[in-house]
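As provided, structure13.txt (compact mmCIF, C-alpha atoms and all ligand atoms) reads as follows.
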# COMPACT_ATOMS: atom_id res chain seq x y z
CA MET A 1 33.20 -49.06 -90.34
CA ARG A 2 36.69 -48.82 -88.89
CA CYS A 3 37.09 -46.49 -85.93
CA PRO A 4 39.55 -43.71 -86.87
CA ASN A 5 42.71 -43.16 -84.83
CA GLU A 6 44.93 -40.13 -85.44
CA PHE A 7 47.80 -41.59 -83.39
CA ARG A 8 50.48 -43.72 -85.10
CA ARG A 9 53.17 -45.58 -83.22
CA GLU A 10 55.85 -44.27 -85.60
CA THR A 11 55.09 -40.60 -84.87
CA LEU A 12 54.94 -40.87 -81.05
CA PRO A 13 57.83 -39.66 -78.84
CA ALA A 14 60.73 -42.15 -78.87
CA ALA A 15 60.29 -43.06 -75.18
CA LEU A 16 56.81 -44.36 -75.97
CA GLN A 17 57.84 -46.31 -79.05
CA ASN A 18 60.27 -48.40 -77.02
CA HIS A 19 57.55 -49.65 -74.69
CA ARG A 20 55.18 -52.44 -75.74
CA PRO A 21 52.39 -52.46 -73.18
CA GLU A 22 49.72 -55.12 -73.34
CA TRP A 23 47.63 -53.37 -70.68
CA GLY A 24 46.56 -49.76 -70.26
CA ILE A 25 45.26 -48.24 -67.04
CA VAL A 26 43.45 -44.91 -66.66
CA LEU A 27 43.55 -43.54 -63.12
CA GLY A 28 40.68 -41.49 -61.72
CA SER A 29 40.51 -38.64 -59.20
CA GLY A 30 42.92 -39.07 -56.33
CA LEU A 31 43.84 -42.64 -57.33
CA ALA A 32 47.38 -41.58 -58.17
CA GLY A 33 48.58 -43.40 -55.00
CA PHE A 34 48.41 -46.51 -57.16
CA VAL A 35 51.49 -45.41 -59.12
CA ASP A 36 53.64 -45.63 -55.95
CA ARG A 37 53.28 -49.41 -56.09
CA VAL A 38 54.47 -49.99 -59.64
CA GLY A 39 57.96 -50.07 -61.15
CA ILE A 40 58.14 -46.83 -63.14
CA VAL A 41 60.18 -47.11 -66.34
CA ASP A 42 59.50 -43.60 -67.61
CA ALA A 43 56.97 -40.81 -67.15
CA LEU A 44 55.99 -38.28 -69.82
CA PRO A 45 53.92 -35.18 -69.03
CA TYR A 46 50.90 -34.95 -71.33
CA GLU A 47 52.26 -31.61 -72.58
CA SER A 48 55.17 -33.47 -74.17
CA ILE A 49 52.92 -35.71 -76.28
CA PRO A 50 51.47 -33.95 -79.34
CA GLY A 51 47.72 -34.47 -79.56
CA LEU A 52 47.03 -35.19 -75.87
CA PRO A 53 44.86 -32.60 -74.08
CA VAL A 54 45.99 -31.46 -70.61
CA SER A 55 43.74 -31.29 -67.52
CA ARG A 56 43.80 -28.50 -64.97
CA VAL A 57 41.65 -30.23 -62.31
CA PRO A 58 43.30 -30.71 -58.88
CA GLY A 59 44.04 -34.40 -58.35
CA HIS A 60 44.72 -35.08 -62.06
CA ALA A 61 48.50 -34.85 -62.46
CA GLY A 62 48.51 -35.40 -66.23
CA ARG A 63 51.32 -37.72 -67.16
CA LEU A 64 51.69 -40.97 -69.00
CA VAL A 65 53.58 -43.49 -66.89
CA LEU A 66 55.34 -46.41 -68.54
CA ALA A 67 55.65 -49.08 -65.91
CA LYS A 68 56.01 -52.71 -65.02
CA ILE A 69 53.54 -54.48 -62.77
CA GLY A 70 55.28 -57.72 -61.96
CA ALA A 71 56.57 -58.89 -65.35
CA VAL A 72 53.87 -57.13 -67.35
CA ASP A 73 54.47 -53.90 -69.31
CA VAL A 74 51.70 -51.40 -68.71
CA VAL A 75 50.99 -47.81 -69.65
CA ILE A 76 49.20 -45.73 -67.03
CA ALA A 77 47.36 -42.50 -67.80
CA GLN A 78 47.62 -40.58 -64.57
CA GLY A 79 44.93 -37.97 -64.98
CA ARG A 80 42.29 -37.48 -67.65
CA VAL A 81 40.37 -34.61 -69.16
CA HIS A 82 36.61 -34.41 -68.73
CA LEU A 83 33.68 -33.13 -70.74
CA TYR A 84 32.90 -30.72 -67.90
CA GLU A 85 36.15 -28.87 -68.57
CA GLY A 86 34.64 -27.92 -71.90
CA ARG A 87 36.42 -30.71 -73.77
CA THR A 88 34.86 -32.67 -76.62
CA ALA A 89 34.19 -36.40 -76.47
CA PRO A 90 37.09 -37.16 -78.89
CA GLU A 91 39.45 -35.09 -76.68
CA VAL A 92 38.32 -36.96 -73.57
CA CYS A 93 39.18 -40.22 -75.32
CA ALA A 94 42.51 -39.18 -76.91
CA GLN A 95 44.56 -41.16 -74.41
CA VAL A 96 42.60 -44.31 -75.20
CA ARG A 97 43.40 -43.92 -78.90
CA LEU A 98 47.04 -43.25 -78.02
CA MET A 99 47.12 -46.48 -76.00
CA ALA A 100 45.59 -48.36 -78.92
CA ALA A 101 48.36 -47.01 -81.16
CA LEU A 102 50.89 -48.30 -78.60
CA GLY A 103 49.41 -51.77 -78.92
CA VAL A 104 47.30 -51.92 -75.75
CA ARG A 105 44.69 -54.68 -76.02
CA ARG A 106 43.22 -54.60 -72.53
CA LEU A 107 42.20 -51.44 -70.73
CA VAL A 108 41.46 -50.88 -67.04
CA LEU A 109 39.38 -47.75 -66.43
CA THR A 110 39.20 -46.48 -62.86
CA ASN A 111 37.25 -43.65 -61.32
CA ALA A 112 36.00 -42.11 -58.12
CA ALA A 113 32.24 -42.37 -57.82
CA GLY A 114 29.36 -41.56 -55.53
CA ALA A 115 27.50 -44.52 -54.05
CA ILE A 116 23.84 -45.01 -54.85
CA ASN A 117 23.55 -48.69 -53.87
CA PRO A 118 22.89 -48.75 -50.10
CA ALA A 119 24.90 -51.99 -49.69
CA PHE A 120 28.18 -50.20 -50.48
CA VAL A 121 30.70 -48.91 -47.93
CA LEU A 122 32.88 -45.84 -48.56
CA GLY A 123 36.41 -46.73 -49.66
CA GLU A 124 35.35 -50.02 -51.26
CA TRP A 125 35.63 -50.91 -54.95
CA MET A 126 33.01 -51.87 -57.51
CA ALA A 127 33.75 -53.73 -60.72
CA ILE A 128 31.63 -52.10 -63.42
CA THR A 129 29.28 -54.58 -65.10
CA ASP A 130 27.58 -52.09 -67.42
CA GLN A 131 27.13 -48.37 -67.89
CA LEU A 132 24.57 -45.64 -68.43
CA ASN A 133 26.05 -43.01 -70.74
CA LEU A 134 24.04 -39.95 -69.66
CA THR A 135 26.50 -37.40 -71.03
CA GLY A 136 24.49 -36.90 -74.21
CA THR A 137 27.51 -37.40 -76.43
CA SER A 138 29.82 -40.07 -77.87
CA PRO A 139 33.41 -40.27 -79.11
CA LEU A 140 32.05 -42.03 -82.20
CA LEU A 141 30.02 -39.02 -83.40
CA GLY A 142 30.54 -38.16 -87.04
CA GLY A 143 30.24 -41.56 -88.65
CA ALA A 144 27.80 -44.44 -88.94
CA HIS A 145 29.45 -46.32 -86.08
CA PHE A 146 26.43 -48.43 -85.08
CA PHE A 147 28.60 -50.20 -82.61
CA ASP A 148 27.36 -53.16 -80.54
CA MET A 149 27.38 -52.36 -76.80
CA THR A 150 26.07 -55.65 -75.42
CA GLU A 151 29.21 -56.40 -73.41
CA VAL A 152 31.22 -53.22 -72.91
CA TYR A 153 32.90 -54.52 -69.77
CA SER A 154 34.45 -57.93 -70.30
CA ALA A 155 32.75 -60.64 -68.26
CA ARG A 156 35.88 -62.74 -68.69
CA LEU A 157 38.13 -60.10 -67.13
CA ARG A 158 35.59 -59.41 -64.40
CA GLN A 159 35.54 -63.05 -63.37
CA HIS A 160 39.31 -63.04 -63.24
CA PHE A 161 39.46 -59.91 -61.07
CA ALA A 162 36.67 -61.22 -58.82
CA ALA A 163 38.62 -64.42 -58.19
CA VAL A 164 41.76 -62.46 -57.32
CA ALA A 165 39.81 -60.12 -55.01
CA ALA A 166 38.30 -63.10 -53.20
CA ARG A 167 41.77 -64.61 -52.69
CA GLN A 168 43.02 -61.28 -51.33
CA ARG A 169 39.91 -60.87 -49.17
CA VAL A 170 39.23 -57.50 -50.80
CA THR A 171 35.57 -56.56 -51.17
CA LEU A 172 34.79 -56.05 -54.87
CA HIS A 173 31.17 -55.19 -55.54
CA GLU A 174 29.65 -55.38 -58.99
CA GLY A 175 27.28 -52.86 -60.50
CA VAL A 176 26.25 -50.26 -63.03
CA TYR A 177 28.12 -46.95 -63.44
CA ALA A 178 26.13 -43.89 -64.49
CA GLY A 179 28.31 -41.32 -66.26
CA LEU A 180 26.99 -37.74 -66.21
CA LEU A 181 28.27 -34.50 -67.71
CA GLY A 182 28.87 -32.54 -64.47
CA PRO A 183 30.72 -30.55 -63.27
CA GLN A 184 28.15 -29.96 -60.53
CA TYR A 185 27.30 -32.95 -58.38
CA GLU A 186 23.79 -34.38 -58.68
CA THR A 187 20.70 -33.17 -56.87
CA PRO A 188 18.97 -35.62 -54.50
CA ALA A 189 16.15 -35.87 -57.07
CA GLU A 190 18.63 -36.83 -59.79
CA VAL A 191 20.13 -39.46 -57.51
CA ARG A 192 16.66 -40.94 -56.87
CA MET A 193 16.13 -41.05 -60.64
CA LEU A 194 19.49 -42.78 -61.17
CA ARG A 195 18.64 -45.37 -58.55
CA ALA A 196 15.30 -46.01 -60.24
CA VAL A 197 16.97 -46.64 -63.61
CA GLY A 198 19.46 -49.12 -62.19
CA ALA A 199 22.62 -47.18 -61.34
CA ASP A 200 24.77 -48.36 -58.44
CA VAL A 201 27.28 -45.51 -58.56
CA VAL A 202 27.52 -42.14 -60.30
CA GLY A 203 30.46 -40.23 -61.72
CA MET A 204 31.61 -37.89 -64.48
CA SER A 205 34.03 -39.99 -66.53
CA THR A 206 34.73 -43.47 -67.92
CA VAL A 207 31.65 -44.05 -70.11
CA LEU A 208 33.08 -42.34 -73.20
CA GLU A 209 36.49 -43.98 -72.81
CA ALA A 210 34.82 -47.39 -72.54
CA ILE A 211 32.92 -46.76 -75.79
CA GLN A 212 36.12 -45.60 -77.51
CA ALA A 213 38.14 -48.56 -76.28
CA ARG A 214 35.55 -51.10 -77.42
CA ALA A 215 35.29 -49.44 -80.82
CA LEU A 216 39.07 -49.90 -81.13
CA GLY A 217 38.74 -53.57 -80.27
CA MET A 218 40.06 -53.48 -76.71
CA GLU A 219 38.85 -55.62 -73.85
CA VAL A 220 37.70 -53.33 -71.04
CA ALA A 221 37.54 -53.63 -67.26
CA GLY A 222 36.22 -50.80 -65.07
CA PHE A 223 36.57 -50.13 -61.36
CA SER A 224 34.80 -47.47 -59.33
CA CYS A 225 36.16 -46.39 -55.99
CA VAL A 226 33.21 -45.54 -53.79
CA THR A 227 34.44 -42.23 -52.40
CA ASN A 228 31.24 -40.66 -51.06
CA TRP A 229 27.49 -41.11 -50.78
CA ALA A 230 25.66 -39.58 -53.71
CA ALA A 231 23.74 -36.40 -52.88
CA GLY A 232 20.83 -36.83 -50.51
CA LEU A 233 21.95 -40.26 -49.24
CA ALA A 234 24.02 -38.90 -46.33
CA ALA A 235 23.82 -35.80 -44.19
CA GLY A 236 25.71 -32.74 -45.43
CA ALA A 237 27.04 -31.47 -48.75
CA LEU A 238 29.54 -33.17 -51.08
CA ALA A 239 33.15 -31.97 -51.16
CA HIS A 240 35.79 -32.72 -53.81
CA GLU A 241 38.41 -32.95 -51.01
CA GLU A 242 36.51 -35.86 -49.41
CA VAL A 243 36.45 -37.64 -52.77
CA LEU A 244 40.22 -37.19 -53.20
CA ALA A 245 41.08 -38.29 -49.64
CA THR A 246 39.10 -41.56 -49.87
CA GLY A 247 40.53 -42.27 -53.32
CA LEU A 248 44.09 -41.87 -52.13
CA LYS A 249 43.73 -44.65 -49.54
CA ALA A 250 41.86 -46.99 -51.86
CA GLY A 251 44.39 -46.57 -54.70
CA ALA A 252 46.92 -48.78 -52.94
CA GLN A 253 44.34 -51.55 -52.53
CA LEU A 254 43.57 -51.52 -56.25
CA GLY A 255 47.31 -51.70 -56.90
CA GLY A 256 47.52 -54.98 -54.99
CA LEU A 257 44.57 -56.37 -56.87
CA LEU A 258 45.88 -55.47 -60.33
CA GLU A 259 49.35 -56.73 -59.54
CA ALA A 260 48.04 -60.18 -58.67
CA ALA A 261 45.54 -60.14 -61.53
CA PHE A 262 48.15 -59.25 -64.17
CA ALA A 263 50.52 -61.90 -62.88
CA GLY A 264 47.79 -64.46 -63.53
CA GLU A 265 46.96 -63.05 -66.98
CA ALA A 266 50.42 -62.55 -68.45
N1 LIG A 301 28.78 -37.67 -58.23
C1 LIG A 301 29.41 -37.48 -59.41
N2 LIG A 301 30.69 -37.70 -59.58
C2 LIG A 301 31.42 -38.13 -58.52
C3 LIG A 301 30.83 -38.33 -57.27
C4 LIG A 301 29.44 -38.09 -57.12
O1 LIG A 301 28.84 -38.24 -56.04
N3 LIG A 301 31.83 -38.76 -56.44
C5 LIG A 301 32.96 -38.81 -57.18
N4 LIG A 301 32.72 -38.43 -58.44
Would you mind writing the structure in this file as structure tokens?
Amino acid sequence: MRCPNEFRRETLPAALQNHRPEWGIVLGSGLAGFVDRVGIVDALPYESIPGLPVSRVPGHAGRLVLAKIGAVDVVIAQGRVHLYEGRTAPEVCAQVRLMAALGVRRLVLTNAAGAINPAFVLGEWMAITDQLNLTGTSPLLGGAHFFDMTEVYSARLRQHFAAVAARQRVTLHEGVYAGLLGPQYETPAEVRMLRAVGADVVGMSTVLEAIQARALGMEVAGFSCVTNWAAGLAAGALAHEEVLATGLKAGAQLGGLLEAAFAGEA
């Protein structure tokens, strides 16, 4: 069964129709610093694109950036909406469908996440190898989309990014991302449960977009910025400000990695 997409290239704003991005990038909390590194061609606020929901969360600017990384045309979603804002799974994934309509074939999903794996260091990156969708919902609800999820995150892309990270001497862990509903952070008991079921990091995004992107035939890569220790693994309470501050610094590092990786892929 074909995955439905309400977006059509012909009905998008003219600025978008002129851009032919091969790659899409979705930026997570506080990772907007990444955009400073790229050559911006145009930037459209989500409000100006019919059908795209707008976020009100601090740290999620909400604009679609048309850019060049090296010689490669990319489209960057700077800011996303989340289930915890009261949005539906299809709304959360609208920008992925928009990117598909633009012709994006490869999608890089990024997020800020809490570390569960004790080997991780705050500020480092993890390439997502697989996911636990613990949100209780799916963007594919409503049809018999019995979609295969054996390899959501492309092993081929991951190998490519790992090789680039090694050349750049950037630590790039690998592991499983657990996506929860939120908006509250986890309890220490929930974090112990997540560790027991194989999660390396925990966050409140990405899993639905990855499902949507795969159902639309995209190749997907995912990167988690380890912004804090998950609840109960470090002294003190979690603060959104801490998550944003760590993400801001790490965004530039991801920029360097993607730049080199796209140059090798183009
Ligand atoms: N838990 C859930 N989501 C998050 C976290 C966390 O610890 N850090 C950043 N996003």
When you look at Val201 in chain A with a cut-off of 7 Å (counting all atoms listed in the file), what residues show up, excluding the ones that are within fewer than 2 positions of it in the same chain? I need them as number ranges by chain.
A: 113-117, 176-178, 199, 203
Work out how far CA of Gly255 in chain A is from CA of Arg80 in chain A, in Å to one decimal.
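Here the two named atoms are 18.5 Å from each other.
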Once you count only C-alpha atoms and all ligand atoms, which residues end up within 7 Å of ligand LIG 301 (chain A), and could you hand them over as a PDB file with C-alpha atoms, keeping the file's coordinate frame?
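Final output, saved to pocket-v4.pdb:
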ATOM      1  CA  ALA A 112      36.000 -42.110 -58.120  1.00  0.00           C
ATOM      2  CA  ALA A 113      32.240 -42.370 -57.820  1.00  0.00           C
ATOM      3  CA  GLY A 114      29.360 -41.560 -55.530  1.00  0.00           C
ATOM      4  CA  ALA A 115      27.500 -44.520 -54.050  1.00  0.00           C
ATOM      5  CA  TYR A 185      27.300 -32.950 -58.380  1.00  0.00           C
ATOM      6  CA  GLU A 186      23.790 -34.380 -58.680  1.00  0.00           C
ATOM      7  CA  VAL A 202      27.520 -42.140 -60.300  1.00  0.00           C
ATOM      8  CA  GLY A 203      30.460 -40.230 -61.720  1.00  0.00           C
ATOM      9  CA  MET A 204      31.610 -37.890 -64.480  1.00  0.00           C
ATOM     10  CA  THR A 227      34.440 -42.230 -52.400  1.00  0.00           C
ATOM     11  CA  ASN A 228      31.240 -40.660 -51.060  1.00  0.00           C
ATOM     12  CA  TRP A 229      27.490 -41.110 -50.780  1.00  0.00           C
ATOM     13  CA  ALA A 230      25.660 -39.580 -53.710  1.00  0.00           C
ATOM     14  CA  ALA A 231      23.740 -36.400 -52.880  1.00  0.00           C
ATOM     15  CA  VAL A 243      36.450 -37.640 -52.770  1.00  0.00           C
TER      16      VAL A 243
END
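By only C-alpha atoms, and with residues fewer than 5 positions from range 135-138 of chain A along its chain excluded, the set lying at most 7 Å from it is Ala89, Gly179, Leu180, Leu181 and Leu208 of chain A.
Between Val152 in chain A and the residues A:Ile128, A:Leu12, A:Leu244, A:Ile69, the shortest atom-to-atom distance, using all atoms listed in the file, involves A:Ile128.
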With distances taken over all atoms listed in the file, which residue among A:Leu140, A:Ala155, A:Val74, A:Ala166 lies nearest Ile25 in chain A?
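Counting all atoms listed in the file, the residue closest to Ile25 in chain A is A:Val74.
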What does the distance from CA of Gly175 in chain A to CA of Ala127 in chain A come to in Å, to one decimal?
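Going from CA of Gly175 in chain A over to CA of Ala127 in chain A, I get 6.5 Å.
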Can you work out the spacing between CA of Val81 in chain A and CA of Thr206 in chain A in Å, to one decimal?
10.6 Å
At a cut-off of 12 Å, can you tabulate as a Markdown table every residue of range 107-183 of chain A near range 29-45 of chain A together with its closest atom pair and the distance in Å to one decimal, using all atoms listed in the file and ordering rows by chain then number?
| residue | atom | partner | partner_atom | distance |
| --- | --- | --- | --- | --- |
| A:Leu109 | CA | A:Leu31 | CA | 11.3 |
| A:Thr110 | CA | A:Leu31 | CA | 8.2 |
| A:Asn111 | CA | A:Ser29 | CA | 6.3 |
| A:Ala112 | CA | A:Ser29 | CA | 5.8 |
| A:Ala113 | CA | A:Ser29 | CA | 9.2 |
| A:Gly123 | CA | A:Leu31 | CA | 11.4 |
| A:Trp125 | CA | A:Leu31 | CA | 11.9 |
From the list A:Val54, A:Val121, A:Leu132, A:Leu64, which residue is nearest Ala210 in chain A when using only C-alpha atoms?
A:Leu132
With only C-alpha atoms as the atoms that count, which of A:Ala14, A:Val108, A:Ala237, A:Ala261 lies nearest to Ala77 in chain A?
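Counting only C-alpha atoms, the residue closest to Ala77 in chain A is A:Val108.
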Counting all atoms listed in the file, which of A:Gly232, A:Gly51, A:Pro118, A:Gly70 gets nearest to Gly264 in chain A?
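Closest residue, counting all atoms listed in the file: A:Gly70.
A cut-off of 10 Å from the point (41.7, -43.0, -79.0), with all atoms listed in the file, picks out the residues Cys3, Pro4, Asn5, Glu6, Phe7, Leu52, Pro90, Glu91, Val92, Cys93, Ala94, Gln95, Val96, Arg97, Leu98, Met99, Ala100, Ala101, Pro139, Glu209, Gln212, Ala213, Ala215 and Leu216 of chain A.
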Counting all atoms listed in the file, figure out which residue out of A:Cys225, A:Ala162, A:Leu157, A:Met218 gets nearest to Ala245 in chain A.
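Nearest candidate to Ala245 in chain A out of A:Cys225, A:Ala162, A:Leu157, A:Met218: A:Cys225.
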Limit the output to N, CA, C and O atoms and give range 222-246 of chain A as an mmCIF file, in the first residue's frame.
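Contents of part.cif, as written:
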data_model
loop_
_atom_site.group_PDB
_atom_site.id
_atom_site.type_symbol
_atom_site.label_atom_id
_atom_site.label_comp_id
_atom_site.auth_asym_id
_atom_site.auth_seq_id
_atom_site.Cartn_x
_atom_site.Cartn_y
_atom_site.Cartn_z
ATOM 1 N N GLY A 222 20.355 8.813 11.557
ATOM 2 C CA GLY A 222 19.920 9.526 12.758
ATOM 3 C C GLY A 222 21.098 9.780 13.678
ATOM 4 O O GLY A 222 21.965 8.909 13.830
ATOM 5 N N PHE A 223 21.128 10.963 14.259
ATOM 6 C CA PHE A 223 22.212 11.325 15.179
ATOM 7 C C PHE A 223 21.637 11.946 16.439
ATOM 8 O O PHE A 223 20.872 12.911 16.375
ATOM 9 N N SER A 224 22.049 11.392 17.583
ATOM 10 C CA SER A 224 21.633 11.943 18.870
ATOM 11 C C SER A 224 22.803 12.674 19.498
ATOM 12 O O SER A 224 23.904 12.120 19.610
ATOM 13 N N CYS A 225 22.535 13.911 19.902
ATOM 14 C CA CYS A 225 23.523 14.645 20.681
ATOM 15 C C CYS A 225 23.254 14.336 22.151
ATOM 16 O O CYS A 225 22.149 14.545 22.645
ATOM 17 N N VAL A 226 24.256 13.828 22.812
ATOM 18 C CA VAL A 226 24.103 13.435 24.215
ATOM 19 C C VAL A 226 24.207 14.696 25.075
ATOM 20 O O VAL A 226 25.302 15.178 25.350
ATOM 21 N N THR A 227 23.052 15.253 25.446
ATOM 22 C CA THR A 227 23.069 16.573 26.092
ATOM 23 C C THR A 227 23.042 16.499 27.612
ATOM 24 O O THR A 227 23.371 17.477 28.286
ATOM 25 N N ASN A 228 22.626 15.380 28.164
ATOM 26 C CA ASN A 228 22.504 15.266 29.623
ATOM 27 C C ASN A 228 22.452 13.791 30.004
ATOM 28 O O ASN A 228 22.195 12.941 29.153
ATOM 29 N N TRP A 229 22.667 13.506 31.264
ATOM 30 C CA TRP A 229 22.455 12.145 31.768
ATOM 31 C C TRP A 229 20.972 11.960 32.029
ATOM 32 O O TRP A 229 20.333 12.866 32.574
ATOM 33 N N ALA A 230 20.439 10.831 31.593
ATOM 34 C CA ALA A 230 19.025 10.545 31.857
ATOM 35 C C ALA A 230 18.793 10.529 33.373
ATOM 36 O O ALA A 230 19.720 10.300 34.157
ATOM 37 N N ALA A 231 17.551 10.745 33.754
ATOM 38 C CA ALA A 231 17.204 10.930 35.172
ATOM 39 C C ALA A 231 17.725 9.779 36.041
ATOM 40 O O ALA A 231 17.628 8.609 35.675
ATOM 41 N N GLY A 232 18.302 10.153 37.159
ATOM 42 C CA GLY A 232 18.775 9.159 38.112
ATOM 43 C C GLY A 232 20.210 8.723 37.870
ATOM 44 O O GLY A 232 20.814 8.043 38.700
ATOM 45 N N LEU A 233 20.809 9.112 36.735
ATOM 46 C CA LEU A 233 22.172 8.673 36.417
ATOM 47 C C LEU A 233 23.206 9.725 36.809
ATOM 48 O O LEU A 233 24.400 9.486 36.719
ATOM 49 N N ALA A 234 22.747 10.915 37.186
ATOM 50 C CA ALA A 234 23.672 11.943 37.691
ATOM 51 C C ALA A 234 22.945 12.675 38.810
ATOM 52 O O ALA A 234 21.717 12.628 38.893
ATOM 53 N N ALA A 235 23.728 13.337 39.653
ATOM 54 C CA ALA A 235 23.107 14.068 40.757
ATOM 55 C C ALA A 235 22.293 15.237 40.210
ATOM 56 O O ALA A 235 22.647 15.822 39.194
ATOM 57 N N GLY A 236 21.196 15.554 40.860
ATOM 58 C CA GLY A 236 20.432 16.755 40.508
ATOM 59 C C GLY A 236 19.326 16.489 39.510
ATOM 60 O O GLY A 236 19.211 15.400 38.939
ATOM 61 N N ALA A 237 18.521 17.520 39.249
ATOM 62 C CA ALA A 237 17.370 17.422 38.358
ATOM 63 C C ALA A 237 17.764 17.817 36.938
ATOM 64 O O ALA A 237 18.785 18.469 36.726
ATOM 65 N N LEU A 238 16.938 17.436 35.962
ATOM 66 C CA LEU A 238 17.192 17.790 34.564
ATOM 67 C C LEU A 238 16.633 19.172 34.251
ATOM 68 O O LEU A 238 15.582 19.537 34.753
ATOM 69 N N ALA A 239 17.344 19.911 33.405
ATOM 70 C CA ALA A 239 16.867 21.248 33.029
ATOM 71 C C ALA A 239 16.956 21.399 31.513
ATOM 72 O O ALA A 239 17.973 21.051 30.897
ATOM 73 N N HIS A 240 15.892 21.917 30.908
ATOM 74 C CA HIS A 240 15.843 22.120 29.452
ATOM 75 C C HIS A 240 16.985 23.045 29.006
ATOM 76 O O HIS A 240 17.563 22.848 27.938
ATOM 77 N N GLU A 241 17.347 24.012 29.853
ATOM 78 C CA GLU A 241 18.421 24.970 29.504
ATOM 79 C C GLU A 241 19.749 24.242 29.307
ATOM 80 O O GLU A 241 20.534 24.581 28.423
ATOM 81 N N GLU A 242 20.002 23.244 30.164
ATOM 82 C CA GLU A 242 21.248 22.465 30.062
ATOM 83 C C GLU A 242 21.278 21.720 28.725
ATOM 84 O O GLU A 242 22.291 21.669 28.024
ATOM 85 N N VAL A 243 20.127 21.172 28.358
ATOM 86 C CA VAL A 243 20.007 20.426 27.103
ATOM 87 C C VAL A 243 20.320 21.357 25.922
ATOM 88 O O VAL A 243 21.098 21.016 25.019
ATOM 89 N N LEU A 244 19.748 22.562 25.959
ATOM 90 C CA LEU A 244 19.960 23.519 24.858
ATOM 91 C C LEU A 244 21.414 23.956 24.778
ATOM 92 O O LEU A 244 22.000 24.045 23.699
ATOM 93 N N ALA A 245 22.028 24.242 25.935
ATOM 94 C CA ALA A 245 23.406 24.759 25.952
ATOM 95 C C ALA A 245 24.387 23.728 25.385
ATOM 96 O O ALA A 245 25.257 24.055 24.577
ATOM 97 N N THR A 246 24.240 22.474 25.764
ATOM 98 C CA THR A 246 25.140 21.430 25.250
ATOM 99 C C THR A 246 24.921 21.244 23.755
ATOM 100 O O THR A 246 25.873 21.098 22.983
#
